[in-house]
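Asks: File entry.cif follows (mmCIF, C-alpha atoms):
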```
data_query
loop_
_atom_site.label_atom_id
_atom_site.label_comp_id
_atom_site.auth_asym_id
_atom_site.auth_seq_id
_atom_site.Cartn_x
_atom_site.Cartn_y
_atom_site.Cartn_z
CA MET S 1 103.29 0.53 60.41
CA GLU S 2 101.77 3.07 62.79
CA VAL S 3 98.03 3.61 63.05
CA ALA S 4 97.25 7.28 63.66
CA ASP S 5 95.44 8.00 66.93
CA ASN S 6 92.75 10.27 65.40
CA GLY S 7 91.00 10.80 68.74
CA PHE S 8 90.93 7.10 69.66
CA THR S 9 92.66 7.64 73.01
CA GLN S 10 90.21 10.38 73.92
CA ARG S 11 87.26 8.14 73.08
CA VAL S 12 88.66 5.35 75.25
CA MET S 13 89.32 7.71 78.16
CA GLN S 14 85.75 8.99 77.98
CA GLN S 15 84.46 5.43 78.25
CA LEU S 16 86.46 4.46 81.33
CA PRO S 17 84.20 3.53 84.22
CA GLN S 18 84.59 5.07 87.66
CA ALA S 19 86.69 2.57 89.59
CA GLU S 20 84.37 2.41 92.59
CA ALA S 21 81.44 1.62 90.28
CA TYR S 22 82.69 -1.88 89.53
CA HIS S 23 84.90 -2.84 92.46
CA PRO S 24 83.03 -3.59 95.72
CA LEU S 25 86.17 -3.39 97.87
CA LEU S 26 87.01 0.06 96.55
CA ARG S 27 83.42 1.14 96.95
CA SER S 28 83.41 0.25 100.65
CA ARG S 29 86.86 1.79 101.22
CA LEU S 30 85.78 5.00 99.54
CA ALA S 31 82.60 5.07 101.64
CA LEU S 32 84.66 4.58 104.84
CA SER S 33 87.07 7.27 103.77
CA ARG S 34 84.22 9.70 103.13
CA LEU S 35 82.68 8.87 106.51
CA TRP S 36 86.00 9.60 108.21
CA THR S 37 86.34 12.92 106.37
CA GLY S 38 82.79 13.86 107.32
CA PHE S 39 83.46 12.94 110.96
CA CYS S 40 86.61 15.09 111.07
CA ILE S 41 84.84 18.07 109.52
CA THR S 42 81.95 17.74 112.00
CA VAL S 43 84.33 17.59 114.98
CA ALA S 44 86.20 20.64 113.66
CA VAL S 45 82.97 22.64 113.29
CA VAL S 46 81.70 21.64 116.77
CA LEU S 47 85.02 22.57 118.39
CA PHE S 48 85.08 25.85 116.48
CA VAL S 49 81.63 26.75 117.85
CA LEU S 50 82.23 25.48 121.41
CA MET S 51 85.56 27.25 121.74
CA ARG S 52 84.29 30.39 120.03
CA GLY S 53 86.83 30.03 117.31
CA TRP S 54 85.85 33.31 115.65
CA GLU S 55 86.98 35.20 118.75
CA LEU S 56 90.36 33.48 118.62
CA ILE S 57 90.71 34.30 114.93
CA GLY S 58 89.62 37.91 115.48
CA TYR S 59 92.03 38.28 118.38
CA GLY S 60 94.83 36.79 116.35
CA LEU S 61 94.11 39.08 113.41
CA LEU S 62 94.03 42.14 115.66
CA MET S 63 97.35 41.19 117.16
CA LEU S 64 98.81 40.66 113.70
CA MET S 65 97.45 43.97 112.44
CA ASN S 66 98.86 45.81 115.43
CA ASN S 67 102.25 44.34 114.66
CA SER S 68 102.12 44.57 110.87
CA GLN S 69 101.28 47.69 108.94
CA ALA S 70 101.42 45.74 105.66
CA LEU S 71 98.69 43.36 106.82
CA LYS S 72 96.55 46.26 108.02
CA ASP S 73 96.85 47.97 104.61
CA ASN S 74 96.03 44.82 102.62
CA LEU S 75 93.53 43.08 104.86
CA VAL S 76 91.06 42.27 102.04
CA LEU S 77 93.82 40.82 99.90
CA PHE S 78 95.09 38.61 102.73
CA VAL S 79 91.59 37.39 103.58
CA ALA S 80 90.94 36.61 99.90
CA LEU S 81 94.25 34.72 99.69
CA ALA S 82 93.37 32.76 102.82
CA VAL S 83 89.96 31.80 101.38
CA VAL S 84 91.41 30.77 98.01
CA GLY S 85 94.28 28.87 99.64
CA GLY S 86 91.93 27.13 102.04
CA SER S 87 89.57 26.13 99.25
CA ALA S 88 92.47 24.78 97.19
CA CYS S 89 93.65 22.73 100.19
CA ILE S 90 90.19 21.26 100.73
CA TYR S 91 89.82 20.44 97.02
CA GLU S 92 93.25 18.78 96.91
CA THR S 93 92.53 16.81 100.08
CA VAL S 94 89.28 15.46 98.67
CA ARG S 95 90.96 14.64 95.36
CA ARG S 96 93.84 12.83 97.05
CA GLU S 97 91.42 10.99 99.29
CA ARG S 98 89.73 9.66 96.19
CA TYR S 99 92.93 8.55 94.45
CA SER S 100 94.48 7.13 97.60
CA VAL S 101 91.75 4.51 97.74
CA ILE S 102 91.78 3.76 94.04
CA MET U 1 97.88 2.55 88.99
CA PHE U 2 94.33 1.24 89.43
CA GLY U 3 92.09 4.17 88.62
CA ASN U 4 94.95 6.46 87.73
CA LYS U 5 93.51 7.81 84.54
CA ARG U 6 96.44 10.00 83.63
CA ALA U 7 98.81 7.04 83.58
CA PHE U 8 96.29 4.96 81.66
CA ASP U 9 95.92 7.75 79.11
CA GLN U 10 99.65 7.38 78.41
CA ILE U 11 99.29 3.62 78.03
CA VAL U 12 96.43 3.96 75.54
CA ARG U 13 98.30 6.62 73.60
CA GLU U 14 101.43 4.46 73.39
CA TYR U 15 99.80 1.13 72.60
CA GLN U 16 96.73 2.06 70.58
CA SER U 17 98.59 1.57 67.31
CA PRO U 18 99.68 -2.09 67.76
CA VAL U 19 96.36 -3.06 69.33
CA ARG U 20 94.29 -1.48 66.57
CA ARG U 21 96.63 -2.91 63.94
CA PHE U 22 96.09 -6.37 65.46
CA PHE U 23 92.34 -5.98 65.03
CA LEU U 24 92.65 -4.46 61.56
CA ASN U 25 94.59 -7.55 60.53
CA GLN U 26 92.06 -9.91 62.08
CA THR U 27 89.06 -8.10 60.58
CA LEU U 28 90.78 -7.60 57.22
CA GLY U 29 90.75 -3.84 57.51
CA ASP U 30 87.33 -3.19 59.04
CA GLU U 31 88.25 0.07 60.74
CA MET U 32 85.03 0.64 62.67
CA LEU U 33 84.87 -2.89 64.05
CA SER U 34 88.58 -2.79 64.88
CA ASP U 35 88.18 0.42 66.86
CA ASP U 36 85.20 -0.99 68.77
CA LEU U 37 87.15 -4.12 69.68
CA ALA U 38 90.28 -2.13 70.53
CA GLN U 39 88.21 0.10 72.78
CA GLU U 40 86.80 -2.96 74.55
CA THR U 41 90.35 -4.27 74.94
CA PHE U 42 91.53 -1.12 76.69
CA LEU U 43 88.46 -1.02 78.93
CA LYS U 44 89.18 -4.60 79.99
CA ALA U 45 92.83 -3.72 80.55
CA TYR U 46 91.77 -0.81 82.75
CA THR U 47 89.45 -2.87 84.90
CA HIS U 48 91.96 -5.75 85.19
CA ILE U 49 95.19 -3.78 85.44
CA GLY U 50 95.74 -5.26 88.91
CA GLN U 51 96.20 -8.66 87.28
CA TYR U 52 99.19 -7.51 85.23
CA ARG U 53 102.20 -9.03 87.01
CA GLY U 54 104.93 -7.77 84.72
CA THR U 55 106.05 -11.27 83.73
CA SER U 56 105.56 -10.35 80.08
CA SER U 57 105.70 -6.99 78.37
CA LEU U 58 102.69 -4.73 78.66
CA LEU U 59 102.16 -5.03 74.90
CA THR U 60 102.09 -8.84 75.10
CA TRP U 61 99.56 -8.61 77.95
CA LEU U 62 97.41 -6.18 75.94
CA THR U 63 97.66 -8.40 72.87
CA ARG U 64 96.51 -11.37 74.94
CA ILE U 65 93.46 -9.37 76.04
CA ALA U 66 92.91 -8.28 72.44
CA TYR U 67 93.07 -11.90 71.29
CA ASN U 68 90.50 -12.90 73.94
CA VAL U 69 88.25 -10.01 72.95
CA PHE U 70 88.47 -11.08 69.32
CA TYR U 71 87.92 -14.72 70.27
CA ASP U 72 84.74 -13.75 72.18
CA TYR U 73 83.61 -11.60 69.29
CA ARG U 74 84.20 -14.47 66.87
CA ARG U 75 82.20 -16.81 69.07
CA SER U 76 79.32 -14.36 69.29
CA GLU U 77 79.40 -13.91 65.52
CA LYS U 78 79.92 -17.54 64.63
CA VAL U 79 76.95 -17.51 62.30
CA LYS U 80 78.82 -15.03 60.13
CA VAL U 81 82.33 -16.36 60.65
CA ASN U 82 83.06 -20.06 60.71
CA SER U 83 86.63 -20.53 61.80
CA GLU U 84 86.75 -24.07 60.39
CA THR U 85 85.91 -22.91 56.89
CA PRO U 86 88.12 -20.43 55.12
CA VAL U 87 86.10 -17.37 54.18
CA GLU U 88 86.76 -17.47 50.49
CA GLY U 89 86.25 -14.17 48.77
CA THR U 90 85.61 -12.30 52.00
CA ALA U 91 85.13 -8.63 51.26
CA VAL U 92 88.18 -6.71 52.30
CA ALA U 93 87.42 -3.31 53.75
CA SER U 94 88.62 -0.65 51.39
CA ALA U 95 88.63 2.60 53.35
CA SER U 96 90.90 1.55 56.19
CA LEU U 97 93.42 4.06 57.45
CA TYR U 98 95.86 1.17 57.53
CA THR U 99 95.56 0.10 53.92
CA LEU U 100 96.69 3.53 52.75
CA ASN U 101 95.15 2.75 49.33
CA SER U 102 98.06 0.51 48.59
CA SER U 103 97.38 -2.37 46.23
CA LEU U 104 100.01 -4.40 48.07
CA HIS U 105 98.08 -4.05 51.31
CA GLN U 106 94.88 -4.98 49.52
CA ASP U 107 96.55 -8.10 48.14
CA ILE U 108 97.91 -9.01 51.56
CA TYR U 109 94.48 -8.62 53.14
CA GLN U 110 93.04 -10.67 50.30
CA ALA U 111 95.62 -13.38 50.97
CA LEU U 112 94.89 -13.19 54.70
CA SER U 113 91.20 -13.62 53.97
CA LEU U 114 91.97 -17.08 52.55
CA LEU U 115 93.31 -18.26 55.89
CA LYS U 116 91.43 -19.78 58.78
CA GLU U 117 91.02 -17.43 61.73
CA ASP U 118 93.68 -19.13 63.85
CA GLU U 119 96.12 -19.25 60.95
CA ARG U 120 95.55 -15.55 60.30
CA THR U 121 96.11 -14.71 63.96
CA CYS U 122 99.38 -16.64 64.10
CA ILE U 123 100.60 -15.28 60.76
CA THR U 124 99.88 -11.63 61.58
CA LEU U 125 101.30 -11.92 65.10
CA GLN U 126 104.53 -13.32 63.69
CA LEU U 127 105.00 -11.56 60.37
CA ILE U 128 103.46 -8.16 61.14
CA ASP U 129 103.81 -7.77 64.91
CA GLY U 130 107.08 -9.69 65.15
CA TYR U 131 106.21 -12.07 67.98
CA ALA U 132 108.21 -15.26 68.50
CA ILE U 133 106.45 -18.63 68.43
CA ASP U 134 106.49 -19.04 72.22
CA GLU U 135 105.01 -15.54 72.64
CA ILE U 136 102.24 -16.37 70.15
CA ALA U 137 101.57 -19.57 72.08
CA ASP U 138 101.43 -17.52 75.29
CA ILE U 139 99.01 -14.98 73.77
CA THR U 140 96.70 -17.48 72.13
CA LYS U 141 97.08 -20.27 74.73
CA MET U 142 97.75 -22.71 71.89
CA PRO U 143 100.55 -25.27 72.15
CA ALA U 144 103.72 -24.14 70.35
CA GLY U 145 103.39 -27.10 67.95
CA THR U 146 99.92 -25.96 66.94
CA VAL U 147 101.20 -22.44 66.37
CA LYS U 148 103.96 -23.81 64.15
CA SER U 149 101.41 -25.82 62.15
CA HIS U 150 99.18 -22.79 61.68
CA LEU U 151 102.18 -20.73 60.60
CA LYS U 152 103.32 -23.37 58.12
CA ARG U 153 99.89 -23.84 56.55
CA GLY U 154 99.17 -20.10 56.58
CA LYS U 155 102.46 -19.21 54.94
CA ASP U 156 101.95 -21.87 52.26
CA LYS U 157 98.47 -20.58 51.44
CA MET U 158 99.62 -16.97 51.35
CA ALA U 159 102.68 -17.79 49.26
CA ASN U 160 100.54 -19.68 46.74
CA TYR U 161 98.05 -16.83 46.50
CA LEU U 162 100.71 -14.14 46.16
CA ARG U 163 102.64 -16.23 43.63
CA GLN U 164 99.52 -16.61 41.52
CA ASN U 165 99.11 -12.85 41.63
CA GLY U 166 102.53 -11.99 40.32
CA TYR U 167 104.56 -11.71 43.54
CA ASP U 168 106.85 -14.61 42.65
CA ARG U 169 109.97 -12.49 42.18
#
```
Represent the supplied structure as structure tokens.

Replies:
Amino acid sequence: MEVADNGFTQRVMQQLPQAEAYHPLLRSRLALSRLWTGFCITVAVVLFVLMRGWELIGYGLLMLMNNSQALKDNLVLFVALAVVGGSACIYETVRRERYSVI
Amino acid sequence: MFGNKRAFDQIVREYQSPVRRFFLNQTLGDEMLSDDLAQETFLKAYTHIGQYRGTSSLLTWLTRIAYNVFYDYRRSEKVKVNSETPVEGTAVASASLYTLNSSLHQDIYQALSLLKEDERTCITLQLIDGYAIDEIADITKMPAGTVKSHLKRGKDKMANYLRQNGYDR
């Protein structure tokens, strides 16, 4: 005889602890992973500033716009897409980083 | 798997029924207590999922955890429940979703209430959940001979009770 779920699964899922909260090994691995991510982001920002990354991007965009009328006409749309896409990539990377250690 | 909540959600969804039924049978239909114990069972399964080696079915592994959870509960409540003394006349919960207001289920719970805790566990695991004797021994960590004794005594008691209540045909 089957017992109807009646929200039982949802109640259990809400009670699940965060894995890193009870497993010391996972906690240290997650901390290391976050340190590594932070280090990479810092290096990227420093290099971007030192190498005047904005000039490279601006130059690249100008070149693209000179070669593409479509890009020139829809510049705002392309920039918005780049921002949304970039944000999604960062979110997914952080999410995968979390699940790769647990 | 460890920490993969989506996969665990599927496991809970698939196995909540047999695990909750196990507790309903042990608690004689106490729905609230059964759900609390079943919830504890799944939380333990989640935190110990790395220990599941696949040598038995996932349901058997979950039932073993459920049995341990119930055993711990019984120990902590030993003032109320004395496993050596049958709990004669134990109130059988009436509003369980499992009893479905059926008088047959009420009579079965009443008959189960006459059994010692270990007898009830063995009887329900075999007759309701369909486990073989060696699986029951594996779940409860009792020797197979002890399981057989509990089954024999439990069945005799239940048969006597049910016979006295008009189930002899």

Asks: Measuring between only C-alpha atoms, which one of U:Lys141, U:Lys44, U:Lys5, U:Arg153 shows the shortest distance to Leu114 of chain U?

Replies: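 For Leu114 of chain U, the nearest of the given residues is U:Arg153.
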
Asks: In Å, rounded to a single decimal, give me how far atom CA of Lys157 of chain U is from atom CA of Asp134 of chain U.

Replies: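 Computing it gives 22.3 Å between the two atoms.
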
Asks: Go ahead and compute the interatomic distance for atom CA of Met1 of chain S and atom CA of Phe22 of chain U, in Å to one decimal.

Replies: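 Between these atoms lies a distance of 11.2 Å.
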
Asks: Report as a CSV table (one decimal) with C-alpha atoms, in the frame of the given file the residues that result from applying the PyMOL selection byres ((chain U and resi 160-165) around 10) to the structure here.

Replies:
```csv
chain,number,residue,atom,x,y,z
U,104,LEU,CA,100.0,-4.4,48.1
U,107,ASP,CA,96.6,-8.1,48.1
U,108,ILE,CA,97.9,-9.0,51.6
U,110,GLN,CA,93.0,-10.7,50.3
U,111,ALA,CA,95.6,-13.4,51.0
U,112,LEU,CA,94.9,-13.2,54.7
U,114,LEU,CA,92.0,-17.1,52.6
U,154,GLY,CA,99.2,-20.1,56.6
U,155,LYS,CA,102.5,-19.2,54.9
U,156,ASP,CA,102.0,-21.9,52.3
U,157,LYS,CA,98.5,-20.6,51.4
U,158,MET,CA,99.6,-17.0,51.4
U,159,ALA,CA,102.7,-17.8,49.3
U,166,GLY,CA,102.5,-12.0,40.3
U,167,TYR,CA,104.6,-11.7,43.5
U,168,ASP,CA,106.8,-14.6,42.6
U,169,ARG,CA,110.0,-12.5,42.2
```

Asks: What residues in chain U lie within 10 Å of chain S, counting all atoms listed in the file, written as a PyMOL selection string?

Replies: chain U and resi 1-6+8-21+24+35-36+38-44+46-47+97-98+128-129

Asks: Counting only C-alpha atoms, which of U:Ile123, U:Leu37, U:His48, U:Lys152 gets nearest to Trp61 of chain U?

Replies: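 Of the candidates, the smallest distance to Trp61 of chain U is held by U:His48.
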
Asks: Name the residues in contact with Thr140 of chain U at a cut-off of 8 Å, using all atoms listed in the file, excluding same-chain residues fewer than 2 positions from it; report them as a list of chain:residue names.

Replies: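 My list of contacting residues is U:Arg64, U:Tyr67, U:Asn68, U:Ile136, U:Ala137, U:Asp138, U:Met142.
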
Asks: List the spatial neighbours of Leu151 of chain U as a list in words - criterion: any atom at most 10 Å away, all atoms listed in the file, same-chain residues fewer than 6 positions off excluded.

Replies: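 Here the answer would be Asp118, Glu119, Arg120, Thr121, Cys122, Ile123, Thr124, Leu125, Gln126, Leu127, Ile133, Gly145 and Lys157 of chain U.
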
Asks: Calculate how many Å separate atom CA of Ala31 of chain S from atom CA of Leu50 of chain S, rounding to one decimal.

Replies: 28.4 Å
